[in-house]
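Asker: Next up, work.cif (mmCIF, C-alpha atoms and all ligand atoms).
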data_start
loop_
_atom_site.group_PDB
_atom_site.id
_atom_site.type_symbol
_atom_site.label_atom_id
_atom_site.label_comp_id
_atom_site.auth_asym_id
_atom_site.auth_seq_id
_atom_site.Cartn_x
_atom_site.Cartn_y
_atom_site.Cartn_z
ATOM 1 C CA MET A 1 22.890 -74.554 61.235
ATOM 2 C CA ALA A 2 19.347 -73.242 61.649
ATOM 3 C CA GLY A 3 18.795 -69.513 61.281
ATOM 4 C CA VAL A 4 22.061 -68.728 59.478
ATOM 5 C CA PRO A 5 21.784 -67.257 55.945
ATOM 6 C CA CYS A 6 22.895 -69.959 53.551
ATOM 7 C CA THR A 7 23.507 -70.515 49.872
ATOM 8 C CA PHE A 8 21.546 -73.560 48.713
ATOM 9 C CA ILE A 9 22.648 -75.803 45.862
ATOM 10 C CA ARG A 10 19.931 -78.334 45.121
ATOM 11 C CA LEU A 11 21.091 -81.147 42.834
ATOM 12 C CA ALA A 12 18.360 -82.829 40.838
ATOM 13 C CA GLY A 13 17.527 -86.512 41.042
ATOM 14 C CA CYS A 14 16.942 -89.032 43.821
ATOM 15 C CA PRO A 15 16.432 -92.809 43.573
ATOM 16 C CA LEU A 16 14.526 -92.929 46.865
ATOM 17 C CA ARG A 17 10.813 -92.321 47.313
ATOM 18 C CA CYS A 18 10.233 -91.398 50.949
ATOM 19 C CA VAL A 19 6.530 -91.209 51.703
ATOM 20 C CA TYR A 20 6.896 -87.719 53.188
ATOM 21 C CA CYS A 21 9.250 -86.286 50.564
ATOM 22 C CA ASP A 22 8.835 -82.513 50.506
ATOM 23 C CA THR A 23 10.965 -81.978 47.408
ATOM 24 C CA PRO A 24 9.063 -84.081 44.842
ATOM 25 C CA ASN A 25 9.953 -81.489 42.225
ATOM 26 C CA ALA A 26 13.640 -82.472 42.627
ATOM 27 C CA LEU A 27 13.260 -86.250 42.301
ATOM 28 C CA SER A 28 13.710 -86.425 38.554
ATOM 29 C CA LEU A 29 17.050 -85.681 36.901
ATOM 30 C CA ASP A 30 15.073 -83.712 34.323
ATOM 31 C CA SER A 31 13.903 -81.302 37.024
ATOM 32 C CA GLY A 32 17.248 -79.514 36.999
ATOM 33 C CA LYS A 33 19.264 -77.798 34.332
ATOM 34 C CA GLN A 34 22.483 -79.438 33.300
ATOM 35 C CA GLN A 35 25.515 -77.203 33.749
ATOM 36 C CA SER A 36 29.235 -77.512 34.355
ATOM 37 C CA ILE A 37 30.688 -77.073 37.829
ATOM 38 C CA GLU A 38 32.655 -74.062 36.531
ATOM 39 C CA HIS A 39 29.453 -72.385 35.348
ATOM 40 C CA LEU A 40 27.679 -73.122 38.622
ATOM 41 C CA LEU A 41 30.532 -71.648 40.667
ATOM 42 C CA ALA A 42 30.584 -68.539 38.499
ATOM 43 C CA GLU A 43 26.901 -67.995 39.289
ATOM 44 C CA LEU A 44 27.529 -68.370 43.019
ATOM 45 C CA GLN A 45 30.425 -65.994 43.456
ATOM 46 C CA PRO A 46 28.411 -62.749 43.829
ATOM 47 C CA VAL A 47 26.443 -64.303 46.697
ATOM 48 C CA GLN A 48 27.475 -62.960 50.095
ATOM 49 C CA SER A 49 27.336 -65.970 52.386
ATOM 50 C CA SER A 50 29.931 -67.896 54.338
ATOM 51 C CA LEU A 51 27.797 -71.035 54.402
ATOM 52 C CA VAL A 52 26.798 -73.254 51.508
ATOM 53 C CA LEU A 53 24.614 -76.359 51.624
ATOM 54 C CA VAL A 54 24.565 -78.972 48.886
ATOM 55 C CA THR A 55 21.324 -80.903 49.000
ATOM 56 C CA GLY A 56 18.868 -82.568 46.652
ATOM 57 C CA GLY A 57 17.272 -84.817 45.635
ATOM 58 C CA GLU A 58 20.169 -87.012 46.636
ATOM 59 C CA PRO A 59 23.409 -85.170 45.845
ATOM 60 C CA LEU A 60 25.654 -88.230 46.130
ATOM 61 C CA ALA A 61 23.693 -89.884 43.326
ATOM 62 C CA GLN A 62 25.653 -87.555 41.017
ATOM 63 C CA LYS A 63 29.156 -88.880 40.449
ATOM 64 C CA ASN A 64 30.793 -85.440 40.354
ATOM 65 C CA CYS A 65 29.333 -84.285 43.654
ATOM 66 C CA HIS A 66 32.719 -84.795 45.344
ATOM 67 C CA VAL A 67 34.380 -82.557 42.765
ATOM 68 C CA LEU A 68 31.812 -79.828 43.439
ATOM 69 C CA LEU A 69 32.283 -80.128 47.213
ATOM 70 C CA THR A 70 36.057 -79.827 46.868
ATOM 71 C CA ALA A 71 35.677 -76.666 44.797
ATOM 72 C CA LEU A 72 33.229 -75.169 47.317
ATOM 73 C CA LEU A 73 35.710 -75.695 50.152
ATOM 74 C CA ASP A 74 37.898 -73.049 48.465
ATOM 75 C CA LEU A 75 35.044 -70.521 48.329
ATOM 76 C CA TYR A 76 33.104 -70.875 51.581
ATOM 77 C CA ASP A 77 33.988 -70.997 55.272
ATOM 78 C CA VAL A 78 31.494 -73.795 55.882
ATOM 79 C CA VAL A 79 30.413 -76.396 53.330
ATOM 80 C CA GLN A 80 27.569 -78.719 54.274
ATOM 81 C CA LEU A 81 26.261 -81.781 52.480
ATOM 82 C CA GLU A 82 22.806 -83.179 53.177
ATOM 83 C CA THR A 83 22.434 -86.793 52.117
ATOM 84 C CA SER A 84 19.777 -89.456 52.468
ATOM 85 C CA GLY A 85 22.231 -91.923 54.004
ATOM 86 C CA ALA A 86 21.672 -94.369 51.172
ATOM 87 C CA TYR A 87 25.156 -93.739 49.730
ATOM 88 C CA ASN A 88 28.569 -94.394 51.219
ATOM 89 C CA ILE A 89 30.073 -91.158 52.523
ATOM 90 C CA SER A 90 33.705 -92.303 52.586
ATOM 91 C CA LEU A 91 34.597 -90.258 49.471
ATOM 92 C CA VAL A 92 33.159 -86.980 50.774
ATOM 93 C CA PRO A 93 36.114 -84.574 51.032
ATOM 94 C CA GLU A 94 37.528 -83.887 54.479
ATOM 95 C CA GLY A 95 36.300 -80.554 55.775
ATOM 96 C CA VAL A 96 32.742 -80.969 54.528
ATOM 97 C CA SER A 97 30.124 -81.119 57.287
ATOM 98 C CA ILE A 98 27.737 -83.977 56.592
ATOM 99 C CA ILE A 99 24.084 -84.099 57.594
ATOM 100 C CA LEU A 100 23.169 -87.741 57.143
ATOM 101 C CA ASP A 101 19.558 -88.857 57.278
ATOM 102 C CA ILE A 102 18.863 -92.313 58.618
ATOM 103 C CA LYS A 103 15.696 -93.500 56.952
ATOM 104 C CA THR A 104 13.174 -94.762 59.491
ATOM 105 C CA PRO A 105 10.562 -97.500 58.877
ATOM 106 C CA GLY A 106 7.933 -94.765 58.505
ATOM 107 C CA SER A 107 9.803 -93.286 55.533
ATOM 108 C CA GLY A 108 9.222 -96.465 53.529
ATOM 109 C CA GLU A 109 12.937 -96.470 52.589
ATOM 110 C CA GLU A 110 14.567 -98.108 55.638
ATOM 111 C CA ALA A 111 16.087 -100.810 53.423
ATOM 112 C CA ARG A 112 18.155 -98.158 51.609
ATOM 113 C CA ASN A 113 20.227 -97.200 54.656
ATOM 114 C CA CYS A 114 23.953 -97.707 54.077
ATOM 115 C CA TRP A 115 24.922 -99.001 57.518
ATOM 116 C CA ASP A 116 28.648 -99.043 56.598
ATOM 117 C CA ASN A 117 28.464 -95.272 57.161
ATOM 118 C CA MET A 118 28.045 -95.841 60.893
ATOM 119 C CA ASP A 119 31.707 -96.956 61.073
ATOM 120 C CA ILE A 120 33.100 -93.747 59.554
ATOM 121 C CA LEU A 121 31.181 -91.067 61.418
ATOM 122 C CA HIS A 122 33.139 -88.208 62.970
ATOM 123 C CA SER A 123 32.444 -85.078 64.991
ATOM 124 C CA ASN A 124 31.827 -83.101 61.788
ATOM 125 C CA THR A 125 28.805 -85.294 61.011
ATOM 126 C CA GLU A 126 25.228 -84.746 62.107
ATOM 127 C CA ILE A 127 22.870 -87.706 62.065
ATOM 128 C CA LYS A 128 19.253 -86.813 61.409
ATOM 129 C CA PHE A 129 16.134 -88.875 62.019
ATOM 130 C CA VAL A 130 12.975 -87.578 60.355
ATOM 131 C CA LEU A 131 10.193 -89.162 62.390
ATOM 132 C CA THR A 132 6.644 -89.920 61.325
ATOM 133 C CA ASP A 133 5.285 -91.281 64.629
ATOM 134 C CA LYS A 134 6.124 -92.757 68.045
ATOM 135 C CA ALA A 135 7.155 -96.069 66.499
ATOM 136 C CA ASP A 136 9.794 -94.217 64.439
ATOM 137 C CA TYR A 137 10.991 -92.457 67.600
ATOM 138 C CA LEU A 138 11.443 -95.738 69.459
ATOM 139 C CA TRP A 139 13.211 -97.256 66.441
ATOM 140 C CA ALA A 140 15.557 -94.253 66.252
ATOM 141 C CA LYS A 141 16.405 -94.641 69.935
ATOM 142 C CA THR A 142 17.356 -98.271 69.315
ATOM 143 C CA ILE A 143 19.587 -97.300 66.393
ATOM 144 C CA MET A 144 21.227 -94.549 68.469
ATOM 145 C CA HIS A 145 22.166 -97.017 71.147
ATOM 146 C CA LYS A 146 23.194 -99.780 68.755
ATOM 147 C CA TYR A 147 25.756 -97.547 67.006
ATOM 148 C CA ALA A 148 26.561 -95.278 70.009
ATOM 149 C CA LEU A 149 25.674 -92.340 67.778
ATOM 150 C CA ALA A 150 25.523 -89.653 70.466
ATOM 151 C CA GLU A 151 29.113 -90.469 71.426
ATOM 152 C CA LYS A 152 30.357 -89.989 67.871
ATOM 153 C CA CYS A 153 28.437 -87.015 66.549
ATOM 154 C CA THR A 154 25.447 -84.697 66.927
ATOM 155 C CA VAL A 155 22.058 -86.387 66.616
ATOM 156 C CA LEU A 156 19.046 -84.427 65.333
ATOM 157 C CA MET A 157 15.407 -85.434 65.492
ATOM 158 C CA SER A 158 12.800 -83.809 63.319
ATOM 159 C CA CYS A 159 9.080 -84.337 62.647
ATOM 160 C CA THR A 160 7.424 -84.945 59.319
ATOM 161 C CA TRP A 161 5.245 -81.920 58.646
ATOM 162 C CA GLY A 162 1.597 -82.491 59.562
ATOM 163 C CA SER A 163 1.926 -86.044 60.894
ATOM 164 C CA LEU A 164 3.930 -85.757 64.110
ATOM 165 C CA ASN A 165 3.444 -82.861 66.523
ATOM 166 C CA PRO A 166 6.768 -81.315 67.637
ATOM 167 C CA LYS A 167 5.255 -80.903 71.128
ATOM 168 C CA ASP A 168 4.951 -84.691 71.415
ATOM 169 C CA LEU A 169 8.499 -85.237 70.181
ATOM 170 C CA ALA A 170 9.841 -82.622 72.609
ATOM 171 C CA ALA A 171 8.038 -84.350 75.494
ATOM 172 C CA TRP A 172 9.454 -87.780 74.597
ATOM 173 C CA ILE A 173 12.986 -86.391 74.345
ATOM 174 C CA VAL A 174 12.742 -84.652 77.714
ATOM 175 C CA GLU A 175 11.176 -87.695 79.374
ATOM 176 C CA ASP A 176 13.917 -89.999 78.068
ATOM 177 C CA VAL A 177 16.725 -87.461 78.662
ATOM 178 C CA LEU A 178 17.826 -88.313 75.151
ATOM 179 C CA PRO A 179 21.055 -86.557 74.027
ATOM 180 C CA VAL A 180 19.621 -85.179 70.776
ATOM 181 C CA ARG A 181 18.661 -81.802 69.308
ATOM 182 C CA LEU A 182 15.091 -81.204 68.191
ATOM 183 C CA GLN A 183 15.113 -79.675 64.736
ATOM 184 C CA LEU A 184 12.189 -77.838 63.165
ATOM 185 C CA GLN A 185 11.739 -77.093 59.476
ATOM 186 C CA LEU A 186 12.177 -73.363 60.013
ATOM 187 C CA HIS A 187 11.458 -72.437 56.388
ATOM 188 C CA LYS A 188 7.963 -73.955 56.663
ATOM 189 C CA TYR A 189 7.149 -71.880 59.729
ATOM 190 C CA ILE A 190 8.400 -68.717 57.992
ATOM 191 C CA TRP A 191 7.196 -69.159 54.406
ATOM 192 C CA GLY A 192 4.571 -71.907 54.701
ATOM 193 C CA ALA A 193 4.599 -75.616 53.945
ATOM 194 C CA GLU A 194 3.814 -75.303 50.242
ATOM 195 C CA GLU A 195 6.457 -72.721 49.305
ATOM 196 C CA THR A 196 9.306 -74.103 47.199
ATOM 197 C CA GLY A 197 12.754 -72.661 46.539
ATOM 198 C CA VAL A 198 13.195 -71.303 50.079
HETATM 199 S S1 LIG A 201 15.852 -88.957 50.125
HETATM 200 FE FE1 LIG A 201 15.131 -86.853 50.324
HETATM 201 S S2 LIG A 201 14.766 -86.164 48.199
HETATM 202 FE FE2 LIG A 201 14.916 -88.403 48.156
HETATM 203 S S3 LIG A 201 12.781 -89.120 48.318
HETATM 204 FE FE3 LIG A 201 13.642 -89.072 50.390
HETATM 205 S S4 LIG A 201 13.075 -87.066 51.211
HETATM 206 FE FE4 LIG A 201 12.814 -86.967 48.963
#
How does the structure come out when it is put into structure tokens?
Answerer:
Amino acid sequence: MAGVPCTFIRLAGCPLRCVYCDTPNALSLDSGKQQSIEHLLAELQPVQSSLVLVTGGEPLAQKNCHVLLTALLDLYDVVQLETSGAYNISLVPEGVSIILDIKTPGSGEEARNCWDNMDILHSNTEIKFVLTDKADYLWAKTIMHKYALAEKCTVLMSCTWGSLNPKDLAAWIVEDVLPVRLQLQLHKYIWGAEETGV
């Protein structure tokens, strides 16, 4: 939901090591502060926002993530979860909008993809491909067709910052009449690529 003010909850820790990871400061569990869900929710309540996004790191690597998501559904109109796609999403509470990355060959973590997830996608899910080059784009097209992704949910394509030009990606999408949405990392255009916590 680009451009909409959003409360961010970034859970620490991720077992993946994507070559383009732009949140290296969140990869270690030690990078966060341990706190109870009750305490976290108490800190959030003064925030005026109808949208909350739980991201990471890899949020589903924390066993109580589902408990947190259930609690957030009582507080926010829209609850989103952003996951690497390496974990099974079947236990994510109904009502949560899922943004599920599919790791491309260029990420270096293709082997981590949990393909079982492709059988439980629904219209409340967005599939995201973060692309490093043309080879990733062609691979993503193959995966889209193999799992009929555009018929099941929204498909997003995004560029890794500094390695793939969004102009090239836009041209490929238009040329192929591909039913996807081009997504830009808006925060990097606004605050710069190096800024963290935005
Ligand atoms: S899944 Fe996300 S947080 Fe984990 S290494 Fe990849 S880009 Fe970084």
Asker: Write out as a list of chain:residue names each polymer residue (protein, DNA or RNA) that has an atom no more than 7 Å from ligand LIG 201 (chain A), with only C-alpha atoms and all ligand atoms counted.
Answerer: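 Here is the list of contacting residues: A:Cys14, A:Pro15, A:Leu16, A:Arg17, A:Cys18, A:Tyr20, A:Cys21, A:Asp22, A:Thr23, A:Pro24, A:Ala26, A:Leu27, A:Gly56, A:Gly57, A:Glu58, A:Ser84.
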Asker: Using all atoms listed in the file for the distances, tell me which of A:Ala171, A:Leu178, A:Val96, A:Val78 is nearest to A:Cys6.
Answerer: A:Val78
Asker: Determine the residue set returned by the PyMOL selection byres (((chain A and resi 135-146) around 10) and not hetatm) for the present structure, and present it as number ranges by chain.
Answerer: A: 102-107, 127-134, 147-151, 155, 157-159, 169, 172-173, 176, 178-180
Asker: Skip A:Leu11 itself and residues of its chain fewer than 4 positions away, then list as a list of chain:residue names all residues within 10 Å of it, counting only C-alpha atoms.
Answerer: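 The residues that qualify are A:Ala26, A:Leu27, A:Leu29, A:Ser31, A:Gly32, A:Lys33, A:Gln34, A:Val54, A:Thr55, A:Gly56, A:Gly57, A:Glu58, A:Pro59, A:Leu60, A:Ala61, A:Gln62, A:Cys65.
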Asker: Between atom CA of A:Met1 and atom CA of A:Val67, what is the distance in Å, rounded to a tenth?
Answerer: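 Atom-to-atom, atom CA of A:Met1 to atom CA of A:Val67, that is 23.2 Å.
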Asker: So what do you get for atom CA of A:Ser28 versus atom CA of A:Lys63, distance-wise?
Answerer: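 Result for atom CA of A:Ser28 versus atom CA of A:Lys63: 15.8 Å, one decimal.
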Asker: Apply the PyMOL selection byres (((chain A and resi 2) around 12) and not hetatm) to the displayed file and report the matching residues as a compact mmCIF listing (two decimals) with C-alpha atoms, in the frame of the given file.
Answerer:
# COMPACT_ATOMS: atom_id res chain seq x y z
CA MET A 1 22.89 -74.55 61.24
CA GLY A 3 18.80 -69.51 61.28
CA VAL A 4 22.06 -68.73 59.48
CA PRO A 5 21.78 -67.26 55.94
CA CYS A 6 22.90 -69.96 53.55
CA LEU A 51 27.80 -71.04 54.40
CA LEU A 53 24.61 -76.36 51.62
CA LEU A 156 19.05 -84.43 65.33
CA ARG A 181 18.66 -81.80 69.31
CA LEU A 182 15.09 -81.20 68.19
CA GLN A 183 15.11 -79.68 64.74
CA LEU A 184 12.19 -77.84 63.16
CA GLN A 185 11.74 -77.09 59.48
CA LEU A 186 12.18 -73.36 60.01
CA HIS A 187 11.46 -72.44 56.39
Asker: Of the candidates A:Ile9, A:Ile89, A:Ala42, A:Ala170, which shows the shortest atom-to-atom distance to A:Thr125, using all atoms listed in the file?
Answerer: A:Ile89
Asker: Quick one: distance from atom CA of A:Leu68 to atom CA of A:Val52 in Å, one decimal?
Answerer: 11.6 Å
Asker: Between A:Val92, A:Val19, A:Val79, A:Cys153, which has the minimum distance to A:Thr7 (counting all atoms listed in the file)?
Answerer: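 So, comparing all the options, the nearest one is A:Val79.
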Asker: Considering only C-alpha atoms, return as an MDAnalysis selection string whatever protein or nucleic-acid residues lie within 9 Å of A:Gly85, sequence-local ones (same chain, fewer than 3 positions apart) excluded.
Answerer: chainID A and resid 82 88:89 99:103 112:115 117
Asker: Would you mind telling me which residue in A:Ile98, A:Leu41, A:Ala12, A:Leu91 lies nearest to A:Asp74 when using only C-alpha atoms?
Answerer: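 Smallest distance to A:Asp74 is found for A:Leu41.
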Asker: Taking the block above, write stretch 92-197 of chain A with C-alpha atoms as a compact mmCIF listing (two decimals), in the first residue's frame.
Answerer:
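File produced: part-v9.txt:
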# COMPACT_ATOMS: atom_id res chain seq x y z
CA VAL A 92 -1.15 -16.68 9.48
CA PRO A 93 -4.49 -15.50 10.91
CA GLU A 94 -7.32 -14.89 8.47
CA GLY A 95 -7.72 -11.19 7.80
CA VAL A 96 -4.01 -10.45 7.61
CA SER A 97 -2.82 -9.24 4.20
CA ILE A 98 0.33 -11.10 3.24
CA ILE A 99 3.13 -9.74 1.07
CA LEU A 100 5.13 -12.82 0.17
CA ASP A 101 8.52 -12.51 -1.48
CA ILE A 102 9.54 -15.25 -3.86
CA LYS A 103 13.31 -15.42 -3.75
CA THR A 104 14.81 -15.30 -7.24
CA PRO A 105 18.09 -16.96 -8.31
CA GLY A 106 19.76 -13.54 -8.12
CA SER A 107 18.94 -13.28 -4.40
CA GLY A 108 21.16 -16.28 -3.66
CA GLU A 109 18.32 -17.78 -1.57
CA GLU A 110 16.12 -19.44 -4.21
CA ALA A 111 16.46 -22.80 -2.44
CA ARG A 112 14.67 -21.37 0.61
CA ASN A 113 11.35 -20.81 -1.17
CA CYS A 114 8.50 -22.72 0.47
CA TRP A 115 6.61 -23.77 -2.66
CA ASP A 116 3.76 -25.30 -0.59
CA ASN A 117 2.63 -21.68 -0.12
CA MET A 118 1.63 -21.52 -3.78
CA ASP A 119 -1.31 -23.85 -3.01
CA ILE A 120 -2.80 -21.62 -0.30
CA LEU A 121 -2.65 -18.19 -1.89
CA HIS A 122 -5.78 -16.05 -1.85
CA SER A 123 -6.89 -12.63 -3.04
CA ASN A 124 -5.59 -11.04 0.17
CA THR A 125 -2.03 -12.07 -0.74
CA GLU A 126 0.47 -10.11 -2.79
CA ILE A 127 3.36 -11.98 -4.36
CA LYS A 128 6.52 -9.93 -4.74
CA PHE A 129 9.55 -10.60 -6.90
CA VAL A 130 12.61 -8.50 -6.12
CA LEU A 131 14.64 -8.65 -9.32
CA THR A 132 18.37 -8.20 -9.77
CA ASP A 133 18.57 -8.49 -13.57
CA LYS A 134 16.86 -9.66 -16.77
CA ALA A 135 17.53 -13.31 -15.94
CA ASP A 136 15.56 -12.86 -12.68
CA TYR A 137 12.73 -11.22 -14.65
CA LEU A 138 12.50 -14.14 -17.07
CA TRP A 139 12.63 -16.62 -14.17
CA ALA A 140 9.83 -14.73 -12.38
CA LYS A 141 7.69 -14.87 -15.52
CA THR A 142 8.13 -18.65 -15.64
CA ILE A 143 7.12 -18.99 -11.99
CA MET A 144 4.08 -16.76 -12.55
CA HIS A 145 2.86 -18.99 -15.32
CA LYS A 146 3.72 -22.24 -13.58
CA TYR A 147 1.59 -21.37 -10.53
CA ALA A 148 -0.98 -19.15 -12.34
CA LEU A 149 -0.12 -16.44 -9.82
CA ALA A 150 -1.84 -13.53 -11.56
CA GLU A 151 -5.12 -15.45 -11.44
CA LYS A 152 -4.88 -15.97 -7.69
CA CYS A 153 -3.50 -12.73 -6.33
CA THR A 154 -1.71 -9.45 -7.04
CA VAL A 155 1.83 -9.81 -8.37
CA LEU A 156 4.42 -7.10 -7.69
CA MET A 157 7.80 -6.67 -9.34
CA SER A 158 10.50 -4.54 -7.81
CA CYS A 159 14.15 -3.77 -8.61
CA THR A 160 17.12 -4.20 -6.33
CA TRP A 161 18.44 -0.72 -5.63
CA GLY A 162 21.39 0.22 -7.84
CA SER A 163 21.56 -2.98 -9.91
CA LEU A 164 18.42 -2.99 -12.05
CA ASN A 165 17.04 0.20 -13.59
CA PRO A 166 13.26 0.57 -13.05
CA LYS A 167 13.03 2.00 -16.60
CA ASP A 168 14.24 -1.33 -17.99
CA LEU A 169 11.82 -3.30 -15.83
CA ALA A 170 8.92 -1.04 -16.85
CA ALA A 171 9.79 -1.56 -20.53
CA TRP A 172 9.89 -5.36 -20.19
CA ILE A 173 6.54 -5.40 -18.39
CA VAL A 174 4.88 -3.23 -21.03
CA GLU A 175 6.41 -5.22 -23.89
CA ASP A 176 5.21 -8.53 -22.42
CA VAL A 177 1.82 -7.13 -21.31
CA LEU A 178 2.54 -8.82 -18.01
CA PRO A 179 -0.29 -8.54 -15.43
CA VAL A 180 1.90 -7.22 -12.61
CA ARG A 181 2.39 -3.97 -10.68
CA LEU A 182 5.78 -2.28 -10.72
CA GLN A 183 6.75 -1.38 -7.18
CA LEU A 184 9.42 1.15 -6.25
CA GLN A 185 11.11 1.48 -2.87
CA LEU A 186 9.47 4.83 -2.19
CA HIS A 187 11.32 5.42 1.09
CA LYS A 188 14.66 5.34 -0.75
CA TYR A 189 13.53 7.98 -3.22
CA ILE A 190 12.27 10.19 -0.37
CA TRP A 191 14.91 9.71 2.34
CA GLY A 192 17.84 8.18 0.43
CA ALA A 193 19.16 4.65 0.11
CA GLU A 194 21.27 4.69 3.27
CA GLU A 195 18.64 5.97 5.71
CA THR A 196 17.42 3.36 8.19
CA GLY A 197 14.29 3.33 10.34
